[in-house]
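Undergrad: This is query.csv (CSV, C-alpha atoms and all ligand atoms).
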chain,number,residue,atom,x,y,z
A,1074,MET,CA,-21.8,4.8,-17.7
A,1075,ILE,CA,-22.0,3.5,-14.2
A,1076,VAL,CA,-19.5,5.0,-11.8
A,1077,SER,CA,-18.6,3.0,-8.6
A,1078,ILE,CA,-17.1,4.9,-5.7
A,1079,ILE,CA,-15.2,2.6,-3.4
A,1080,ILE,CA,-14.6,3.8,0.2
A,1081,PRO,CA,-12.8,1.9,2.9
A,1082,CYS,CA,-14.1,2.9,6.4
A,1083,PHE,CA,-12.5,2.1,9.7
A,1084,ASN,CA,-13.9,3.8,12.8
A,1085,GLU,CA,-15.0,6.8,10.7
A,1086,GLU,CA,-18.2,7.7,12.6
A,1087,ALA,CA,-17.1,11.4,12.8
A,1088,THR,CA,-16.7,11.8,9.0
A,1089,LEU,CA,-19.5,9.7,7.5
A,1090,ASP,CA,-22.3,12.2,7.6
A,1091,ILE,CA,-20.3,14.9,5.9
A,1092,LEU,CA,-18.9,12.3,3.5
A,1093,TYR,CA,-22.4,11.1,2.5
A,1094,THR,CA,-23.7,14.6,2.1
A,1095,ARG,CA,-20.8,16.0,0.0
A,1096,LEU,CA,-20.4,12.9,-2.1
A,1097,THR,CA,-24.1,12.4,-2.8
A,1098,SER,CA,-24.5,16.0,-3.9
A,1099,VAL,CA,-21.5,15.7,-6.2
A,1100,MET,CA,-22.6,12.4,-7.7
A,1101,SER,CA,-26.2,13.3,-8.2
A,1102,SER,CA,-25.1,16.3,-10.1
A,1103,LEU,CA,-23.6,14.1,-12.8
A,1104,GLU,CA,-26.5,13.9,-15.1
A,1105,LYS,CA,-24.9,11.6,-17.7
A,1106,HIS,CA,-23.9,8.9,-15.3
A,1107,GLN,CA,-25.4,6.5,-12.9
A,1108,TYR,CA,-23.5,5.8,-9.7
A,1109,GLU,CA,-23.1,3.4,-6.8
A,1110,ILE,CA,-21.2,4.0,-3.6
A,1111,VAL,CA,-19.5,0.9,-2.2
A,1112,LEU,CA,-18.7,1.4,1.4
A,1113,VAL,CA,-16.5,-1.3,3.1
A,1114,ASN,CA,-16.6,-1.3,6.9
A,1115,ASP,CA,-13.2,-2.7,7.9
A,1116,GLY,CA,-14.2,-4.1,11.3
A,1117,SER,CA,-15.0,-0.8,12.9
A,1118,LYS,CA,-15.6,-0.7,16.6
A,1119,ASP,CA,-17.6,2.5,16.6
A,1120,LYS,CA,-21.0,3.4,15.0
A,1121,THR,CA,-19.6,3.2,11.5
A,1122,GLU,CA,-21.5,0.0,10.6
A,1123,ASP,CA,-24.9,1.2,11.8
A,1124,MET,CA,-24.5,4.5,10.1
A,1125,LEU,CA,-23.6,2.8,6.8
A,1126,LEU,CA,-26.5,0.5,7.0
A,1127,ASP,CA,-28.8,3.5,7.7
A,1128,PHE,CA,-27.5,5.2,4.5
A,1129,ALA,CA,-28.2,2.0,2.6
A,1130,LYS,CA,-31.7,1.8,3.9
A,1131,LYS,CA,-32.6,5.3,2.6
A,1132,ASP,CA,-30.5,5.4,-0.5
A,1133,LYS,CA,-30.4,2.7,-3.2
A,1134,HIS,CA,-27.0,3.9,-4.5
A,1135,ILE,CA,-25.3,2.7,-1.3
A,1136,LYS,CA,-23.8,-0.8,-0.9
A,1137,VAL,CA,-22.3,-1.9,2.3
A,1138,TYR,CA,-19.8,-4.7,2.9
A,1139,SER,CA,-18.8,-5.4,6.5
A,1140,PHE,CA,-15.7,-7.3,7.5
A,1141,SER,CA,-15.7,-9.6,10.5
A,1142,ARG,CA,-12.7,-7.8,11.9
A,1143,ASN,CA,-10.2,-5.2,10.9
A,1144,PHE,CA,-8.4,-6.6,7.9
A,1145,GLY,CA,-6.7,-3.4,6.9
A,1146,HIS,CA,-7.1,-0.6,4.4
A,1147,GLN,CA,-5.8,-2.6,1.4
A,1148,ALA,CA,-8.2,-5.5,2.0
A,1149,ALA,CA,-11.1,-3.1,2.3
A,1150,VAL,CA,-10.2,-1.5,-1.0
A,1151,SER,CA,-9.8,-5.0,-2.5
A,1152,CYS,CA,-13.3,-5.9,-1.4
A,1153,GLY,CA,-14.7,-2.8,-3.1
A,1154,ILE,CA,-12.9,-3.6,-6.4
A,1155,HIS,CA,-14.1,-7.2,-6.3
A,1156,ASN,CA,-17.7,-6.3,-5.7
A,1157,CYS,CA,-18.3,-3.1,-7.7
A,1158,GLN,CA,-20.6,-3.1,-10.7
A,1159,GLY,CA,-19.3,0.0,-12.4
A,1160,ASP,CA,-17.8,0.6,-15.8
A,1161,ILE,CA,-15.3,2.6,-13.9
A,1162,ALA,CA,-14.4,2.7,-10.2
A,1163,ILE,CA,-12.9,5.5,-8.1
A,1164,ILE,CA,-11.1,4.6,-4.9
A,1165,ILE,CA,-11.3,7.4,-2.3
A,1166,ASP,CA,-10.8,7.7,1.5
A,1167,ALA,CA,-13.6,8.2,3.9
A,1168,ASP,CA,-12.0,11.2,5.6
A,1169,LEU,CA,-12.5,13.6,2.6
A,1170,GLN,CA,-8.7,14.2,2.3
A,1171,ASP,CA,-9.4,13.5,-1.4
A,1172,PRO,CA,-12.2,16.0,-1.9
A,1173,PRO,CA,-15.2,14.5,-3.7
A,1174,GLU,CA,-15.7,17.9,-5.5
A,1175,VAL,CA,-12.9,17.0,-7.8
A,1176,LEU,CA,-14.5,13.8,-9.1
A,1177,PRO,CA,-16.5,15.3,-12.0
A,1178,ASP,CA,-13.1,16.7,-13.4
A,1179,MET,CA,-11.5,13.3,-12.9
A,1180,ILE,CA,-14.4,11.5,-14.7
A,1181,ALA,CA,-14.3,14.2,-17.5
A,1182,LEU,CA,-10.6,13.5,-17.9
A,1183,TYR,CA,-11.4,9.8,-18.3
A,1184,GLU,CA,-14.0,10.5,-20.9
A,1185,LYS,CA,-11.6,12.6,-22.8
A,1186,THR,CA,-8.6,10.3,-22.6
A,1187,GLU,CA,-10.2,6.9,-22.0
A,1188,CYS,CA,-7.0,6.1,-20.1
A,1189,PRO,CA,-7.7,3.0,-18.0
A,1190,ILE,CA,-5.9,4.4,-14.9
A,1191,ILE,CA,-6.0,8.0,-13.7
A,1192,TYR,CA,-4.2,8.4,-10.4
A,1193,GLY,CA,-4.6,11.3,-8.0
A,1194,LYS,CA,-1.3,13.1,-7.6
A,1195,ARG,CA,-1.0,15.3,-4.6
A,1196,ILE,CA,0.4,18.7,-5.4
A,1197,SER,CA,0.1,19.7,-1.7
A,1198,ARG,CA,-0.7,17.9,1.5
A,1199,GLU,CA,-2.6,19.9,4.0
A,1200,GLY,CA,-2.7,19.2,7.7
A,1201,GLU,CA,-0.3,16.2,7.8
A,1202,THR,CA,2.6,16.0,10.1
A,1203,PHE,CA,6.2,16.6,9.0
A,1204,PHE,CA,6.9,13.0,10.0
A,1205,LYS,CA,4.1,11.6,7.8
A,1206,LYS,CA,5.2,13.7,4.8
A,1207,ILE,CA,8.9,12.9,5.1
A,1208,THR,CA,8.3,9.1,5.6
A,1209,ALA,CA,5.9,9.0,2.7
A,1210,ARG,CA,8.3,10.9,0.4
A,1211,MET,CA,11.1,8.5,1.4
A,1212,PHE,CA,8.9,5.4,1.0
A,1213,TYR,CA,8.0,6.2,-2.6
A,1214,ARG,CA,11.6,6.9,-3.6
A,1215,ILE,CA,12.9,3.8,-1.9
A,1216,ILE,CA,10.3,1.5,-3.4
A,1217,ASN,CA,11.2,2.9,-6.9
A,1218,LEU,CA,14.9,2.3,-6.2
A,1219,MET,CA,14.3,-1.2,-5.1
A,1220,SER,CA,11.8,-2.3,-7.8
A,1221,ASP,CA,12.3,-3.2,-11.4
A,1222,ILE,CA,9.2,-1.2,-12.5
A,1223,THR,CA,8.5,2.5,-11.8
A,1224,PHE,CA,5.6,3.5,-9.7
A,1225,PRO,CA,4.2,7.0,-9.7
A,1226,VAL,CA,5.5,8.9,-6.7
A,1227,ASP,CA,3.4,10.8,-4.1
A,1228,THR,CA,0.2,9.1,-5.0
A,1229,GLY,CA,-2.0,7.2,-2.6
A,1230,ASP,CA,-4.9,4.8,-3.6
A,1231,PHE,CA,-7.0,7.7,-4.8
A,1232,ARG,CA,-7.5,6.7,-8.4
A,1233,LEU,CA,-9.9,6.0,-11.2
A,1234,ILE,CA,-9.7,2.6,-12.8
A,1235,ASP,CA,-11.8,1.2,-15.7
A,1236,LYS,CA,-13.4,-2.2,-16.3
A,1237,SER,CA,-10.2,-3.7,-17.7
A,1238,VAL,CA,-8.3,-2.9,-14.6
A,1239,ILE,CA,-11.2,-4.1,-12.4
A,1240,GLU,CA,-11.4,-7.4,-14.2
A,1241,ALA,CA,-7.6,-7.9,-14.2
A,1242,TYR,CA,-7.4,-7.2,-10.5
A,1243,LYS,CA,-9.7,-10.1,-9.8
A,1244,ASP,CA,-6.9,-12.5,-11.0
A,1245,PHE,CA,-4.5,-11.5,-8.3
A,1246,PRO,CA,-4.8,-14.0,-5.5
A,1247,GLU,CA,-1.9,-12.7,-3.5
A,1248,SER,CA,-2.4,-11.4,0.0
A,1249,PRO,CA,-1.5,-9.0,1.5
A,1250,LYS,CA,-1.7,-6.7,-1.4
A,1251,TYR,CA,0.0,-3.4,-2.2
A,1252,ILE,CA,-2.8,-2.2,-4.5
A,1253,ARG,CA,-1.3,0.9,-6.1
A,1254,GLY,CA,1.7,-1.2,-6.9
A,1255,LEU,CA,-0.3,-4.1,-8.4
A,1256,ILE,CA,-2.2,-1.7,-10.5
A,1257,SER,CA,1.0,-0.2,-11.9
A,1258,TRP,CA,2.4,-3.6,-12.3
A,1259,MET,CA,-0.4,-4.6,-14.7
A,1260,GLY,CA,1.2,-2.2,-17.2
A,1261,PHE,CA,-1.9,-0.4,-18.4
A,1262,GLU,CA,-1.4,3.2,-19.4
A,1263,GLN,CA,-1.8,5.6,-16.5
A,1264,ILE,CA,-2.0,9.4,-16.3
A,1265,PRO,CA,-1.9,11.8,-13.3
A,1266,PHE,CA,-4.8,13.9,-12.1
A,1267,GLU,CA,-3.4,16.7,-9.9
A,1268,TYR,CA,-5.3,17.8,-6.8
A,1269,GLU,CA,-4.7,19.3,-3.4
A,1270,ARG,CA,-4.9,16.9,-0.6
A,1271,LYS,CA,-6.9,18.4,2.3
A,1272,SER,CA,-6.7,17.7,5.9
A,1273,ARG,CA,-9.0,15.1,7.5
A,1274,VAL,CA,-12.5,16.7,8.1
A,1275,ALA,CA,-12.8,14.9,11.5
A,1276,GLY,CA,-11.4,12.1,13.5
A,1277,GLU,CA,-7.7,11.0,13.5
A,1278,THR,CA,-5.6,9.0,11.2
A,1279,LYS,CA,-6.3,5.3,11.2
A,1280,TYR,CA,-2.8,4.5,10.0
A,1281,THR,CA,-0.8,3.8,13.1
A,1282,PHE,CA,2.9,3.7,12.9
A,1283,LYS,CA,2.8,-0.1,13.0
A,1284,LYS,CA,0.3,-0.2,10.1
A,1285,MET,CA,2.5,2.1,8.1
A,1286,LEU,CA,5.5,-0.1,8.7
A,1287,MET,CA,3.6,-3.2,7.7
A,1288,PHE,CA,2.3,-1.4,4.6
A,1289,ALA,CA,5.8,-0.4,3.6
A,1290,LYS,CA,7.1,-3.9,4.1
A,1291,THR,CA,4.3,-5.3,1.9
A,1292,GLY,CA,5.0,-2.7,-0.7
A,1293,ILE,CA,8.7,-3.4,-0.9
A,1294,MET,CA,8.5,-7.2,-0.6
A,1295,SER,CA,5.8,-7.5,-3.2
A,1296,PHE,CA,7.9,-5.9,-5.9
A,1297,SER,CA,11.5,-6.4,-5.1
A,1298,ILE,CA,14.1,-9.1,-4.6
A,1299,LYS,CA,16.9,-6.6,-4.2
A,1300,PRO,CA,17.2,-7.0,-0.4
A,1301,LEU,CA,18.1,-10.6,-1.1
A,1302,ARG,CA,21.0,-9.5,-3.1
A,1303,ILE,CA,22.5,-7.8,-0.1
A,1304,SER,CA,23.6,-11.3,0.9
A,1305,LEU,CA,25.7,-11.5,-2.2
A,1306,PHE,CA,27.2,-8.1,-1.5
A,1307,PHE,CA,28.1,-9.0,2.1
A,1308,GLY,CA,29.3,-12.5,1.0
A,1309,ILE,CA,31.8,-11.0,-1.5
A,1310,LEU,CA,32.8,-8.3,1.0
A,1311,SER,CA,33.6,-10.8,3.8
A,1312,ILE,CA,35.4,-13.2,1.5
A,1313,SER,CA,37.5,-10.4,0.1
A,1314,ALA,CA,38.2,-9.2,3.7
A,1315,ALA,CA,39.3,-12.8,4.6
A,1316,VAL,CA,41.6,-13.1,1.6
A,1317,ILE,CA,43.2,-9.7,2.2
A,1318,LEU,CA,43.7,-10.5,5.9
A,1319,GLY,CA,45.2,-13.9,5.0
A,1320,LEU,CA,47.6,-12.3,2.5
A,1321,TRP,CA,48.6,-9.8,5.1
A,1322,VAL,CA,49.3,-12.4,7.8
A,1323,PHE,CA,51.2,-14.4,5.2
A,1324,TYR,CA,53.4,-11.3,4.4
A,1325,LEU,CA,54.1,-10.6,8.1
A,1326,TYR,CA,55.0,-14.3,8.7
A,1327,PHE,CA,57.9,-14.1,6.2
A,1328,ASN,CA,58.9,-10.5,6.8
A,1329,ARG,CA,58.2,-9.4,10.3
A,1330,PRO,CA,57.3,-12.5,12.2
A,1331,GLU,CA,58.1,-10.7,15.5
A,1332,VAL,CA,54.9,-8.6,15.3
A,1333,LEU,CA,52.7,-11.7,14.9
A,1334,VAL,CA,51.4,-12.3,18.4
A,1335,PRO,CA,50.0,-15.8,18.6
A,1336,GLY,CA,46.7,-14.2,18.9
A,1337,TRP,CA,43.2,-15.3,19.1
A,1338,ALA,CA,41.6,-11.9,19.0
A,1339,SER,CA,41.5,-11.7,15.2
A,1340,ILE,CA,40.0,-15.1,15.0
A,1341,ILE,CA,37.3,-14.3,17.5
A,1342,ILE,CA,36.6,-11.0,15.8
A,1343,SER,CA,36.3,-12.7,12.4
A,1344,VAL,CA,34.0,-15.4,13.7
A,1345,LEU,CA,31.8,-12.8,15.3
A,1346,PHE,CA,31.9,-10.6,12.2
A,1347,LEU,CA,30.9,-13.5,9.9
A,1348,GLY,CA,28.4,-14.8,12.3
A,1349,GLY,CA,26.7,-11.4,12.4
A,1350,ILE,CA,26.6,-11.3,8.6
A,1351,GLN,CA,25.1,-14.7,8.4
A,1352,MET,CA,22.5,-13.8,10.9
A,1353,PHE,CA,21.7,-10.6,9.0
A,1354,VAL,CA,21.4,-12.4,5.7
A,1355,LEU,CA,19.3,-15.2,7.2
A,1356,SER,CA,16.9,-12.6,8.5
A,1357,ILE,CA,16.4,-11.3,5.0
A,1358,ILE,CA,15.8,-14.7,3.6
A,1359,ALA,CA,13.5,-15.4,6.5
A,1360,GLU,CA,11.4,-12.4,5.6
A,1361,TYR,CA,11.0,-13.5,2.1
A,1362,LEU,CA,10.3,-17.1,3.1
A,1363,GLY,CA,7.7,-15.8,5.4
A,1364,SER,CA,6.1,-13.9,2.6
A,1365,ILE,CA,6.2,-16.9,0.3
A,1366,PHE,CA,4.7,-18.9,3.1
A,1367,ASN,CA,1.8,-16.4,3.4
A,1368,ILE,CA,1.1,-16.5,-0.2
A,1369,SER,CA,1.2,-20.2,-0.5
A,1370,LYS,CA,-1.3,-20.5,2.3
A,1371,LYS,CA,-3.9,-18.7,0.1
A,1372,ARG,CA,-5.9,-17.6,3.0
A,1373,PRO,CA,-8.9,-15.5,2.2
A,1374,GLU,CA,-8.0,-11.9,2.2
A,1375,TYR,CA,-11.1,-11.0,4.1
A,1376,ILE,CA,-14.2,-12.8,5.4
A,1377,LEU,CA,-17.6,-11.3,5.1
A,1378,LYS,CA,-20.0,-11.3,8.0
A,1379,ASN,CA,-23.3,-13.0,7.5
A,1380,LYS,CA,-25.6,-11.7,4.7
A,1381,LYS,CA,-27.8,-9.6,7.0
A,1382,LYS,CA,-24.9,-7.5,8.0
A,1383,ASN,CA,-24.2,-6.6,4.4
A,1384,ASN,CA,-26.3,-4.7,2.0
A,1385,ILE,CA,-25.5,-6.1,-1.4
B,1401,LIG,N1,-8.8,2.5,6.8
B,1401,LIG,C1,-9.3,1.2,6.8
B,1401,LIG,N2,-8.7,0.2,7.6
B,1401,LIG,C2,-7.6,0.5,8.3
B,1401,LIG,C3,-7.1,1.8,8.3
B,1401,LIG,C4,-7.7,2.8,7.5
B,1401,LIG,O1,-10.3,0.9,6.1
B,1401,LIG,O2,-7.2,-0.4,9.0
B,1401,LIG,C5,-9.4,3.5,5.9
B,1401,LIG,C6,-9.8,4.8,6.6
B,1401,LIG,O3,-11.1,4.7,7.2
B,1401,LIG,C7,-9.7,5.8,5.5
B,1401,LIG,C8,-8.6,5.3,4.6
B,1401,LIG,O4,-8.4,3.9,5.0
B,1401,LIG,O5,-10.9,5.9,4.8
B,1401,LIG,C9,-7.3,6.0,4.9
B,1401,LIG,O6,-7.0,6.0,6.2
B,1401,LIG,P1,-6.4,7.3,7.0
B,1401,LIG,O7,-7.1,8.5,6.4
B,1401,LIG,O8,-6.6,7.1,8.5
B,1401,LIG,O9,-4.9,7.3,6.6
B,1401,LIG,P2,-4.0,8.6,6.3
B,1401,LIG,O10,-4.7,9.4,5.3
B,1401,LIG,O11,-3.8,9.2,7.6
B,1401,LIG,O12,-2.8,8.0,5.7
B,1402,MG,MG,-6.6,10.2,5.6
Would you mind writing the structure in this file as structure tokens?
TA:
Amino acid sequence: MIVSIIIPCFNEEATLDILYTRLTSVMSSLEKHQYEIVLVNDGSKDKTEDMLLDFAKKDKHIKVYSFSRNFGHQAAVSCGIHNCQGDIAIIIDADLQDPPEVLPDMIALYEKTECPIIYGKRISREGETFFKKITARMFYRIINLMSDITFPVDTGDFRLIDKSVIEAYKDFPESPKYIRGLISWMGFEQIPFEYERKSRVAGETKYTFKKMLMFAKTGIMSFSIKPLRISLFFGILSISAAVILGLWVFYLYFNRPEVLVPGWASIIISVLFLGGIQMFVLSIIAEYLGSIFNISKKRPEYILKNKKKNNI
């Protein structure tokens, strides 16, 4: 069996040497299997690209794909899945938060179960801020609440997928992708593999707050139309309010007309209220429209640099 290890790398010069040493020692100890390591340089600005090409020069197991600019973590993983040769592939981060030493157990679990998807489930998260943990926790619960299918919670992209998943993945042209969601969406059987998520060996997180927000937006919008239904909720609410208000004014008109000040305040307030709701609803529709627009454009998800910059 050929095992492909897929690693997205963005400005990871500080971690690459340790990653290469630890990963290679683990993989070469797997006597029964051949392996390749697919490293995707996601438009790094530091020495990442040179370092990866150096690894490739001295080690035939290494393949390097280099993006023309930073297309993001999900695009880098996509590139790895599209181009790997393995019978199974394992997606793992470059910062060793998912320790390579657990890979033999993960592969053994696959051999035992032949389950097409084995996802890494974090039983603990070392060295991550309270903010990161709480937002991640909330995100996985919200996305499950919003979506019609259930995604495993507290799992990242660290997972093992077999050939059937790899091939199916190639038929998803949508962009941007929420990969762990798409893989769940395929409906193949999946089982957890529990592990302790470590802290980064070096460097800092490459997921800025903005990238996290964009990622959350992609995740939610790719799998849910529930936000659109908010418009229905507010529509019914505002119509009901209007009817009740109308009935009340009607009642006062016949019973206590003296309290009815020929007023304009209520009208203005209702107009503002309804206007606000319309704007809010429009903004939701606009978000989806934007997303449909993006998909319909079918832009390439990533663009490779010229052949010399890649080691294929
Ligand atoms: N990454 C990437 N492109 C990006 C951001 C991150 O390829 O735009 C890679 C990064 O090099 C790492 C993985 O994605 O291998 C996860 O990123 P990071 O560890 O910074 O995220 P965190 O673990 O803090 O969520
Ligand atoms: Mg990390």
Undergrad: Around ligand MG 1402 (chain B), out to 9 Å and counting all atoms listed in the file, which residues are there? I want them as a ChimeraX atom specification.
TA: /A:1166-1171,1201,1271-1273,1277-1280
Undergrad: Name the residues, by chain letter and number, that sit within 10 Å of ligand LIG 1401 (chain B) using only C-alpha atoms and all ligand atoms, and give them as a ChimeraX atom specification.
TA: /A:1079-1086,1088-1089,1112-1117,1121,1140,1142-1150,1164-1171,1201-1202,1205-1206,1209,1229-1231,1270-1281,1284-1285
Undergrad: To box range 1091-1105 of chain A, take all atoms listed in the file, fit an axis-aligned box, add 3 Å on each side, and give centre and edge lengths in Å to one decimal, as JSON.
TA:
{"center_x": -22.7, "center_y": 13.7, "center_z": -5.9, "size_x": 13.6, "size_y": 11.2, "size_z": 29.6}
Undergrad: What does the distance from CA of Phe1204 in chain A to CA of Ser1220 in chain A come to in Å, to one decimal?
TA: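 For CA of Phe1204 in chain A relative to CA of Ser1220 in chain A, the distance reads 24.0 Å.
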Undergrad: Using CA of Val1137 in chain A and CA of Asn1384 in chain A as the two end points, give the distance in Å to one decimal.
TA: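 Separation of CA of Val1137 in chain A and CA of Asn1384 in chain A: 4.9 Å.
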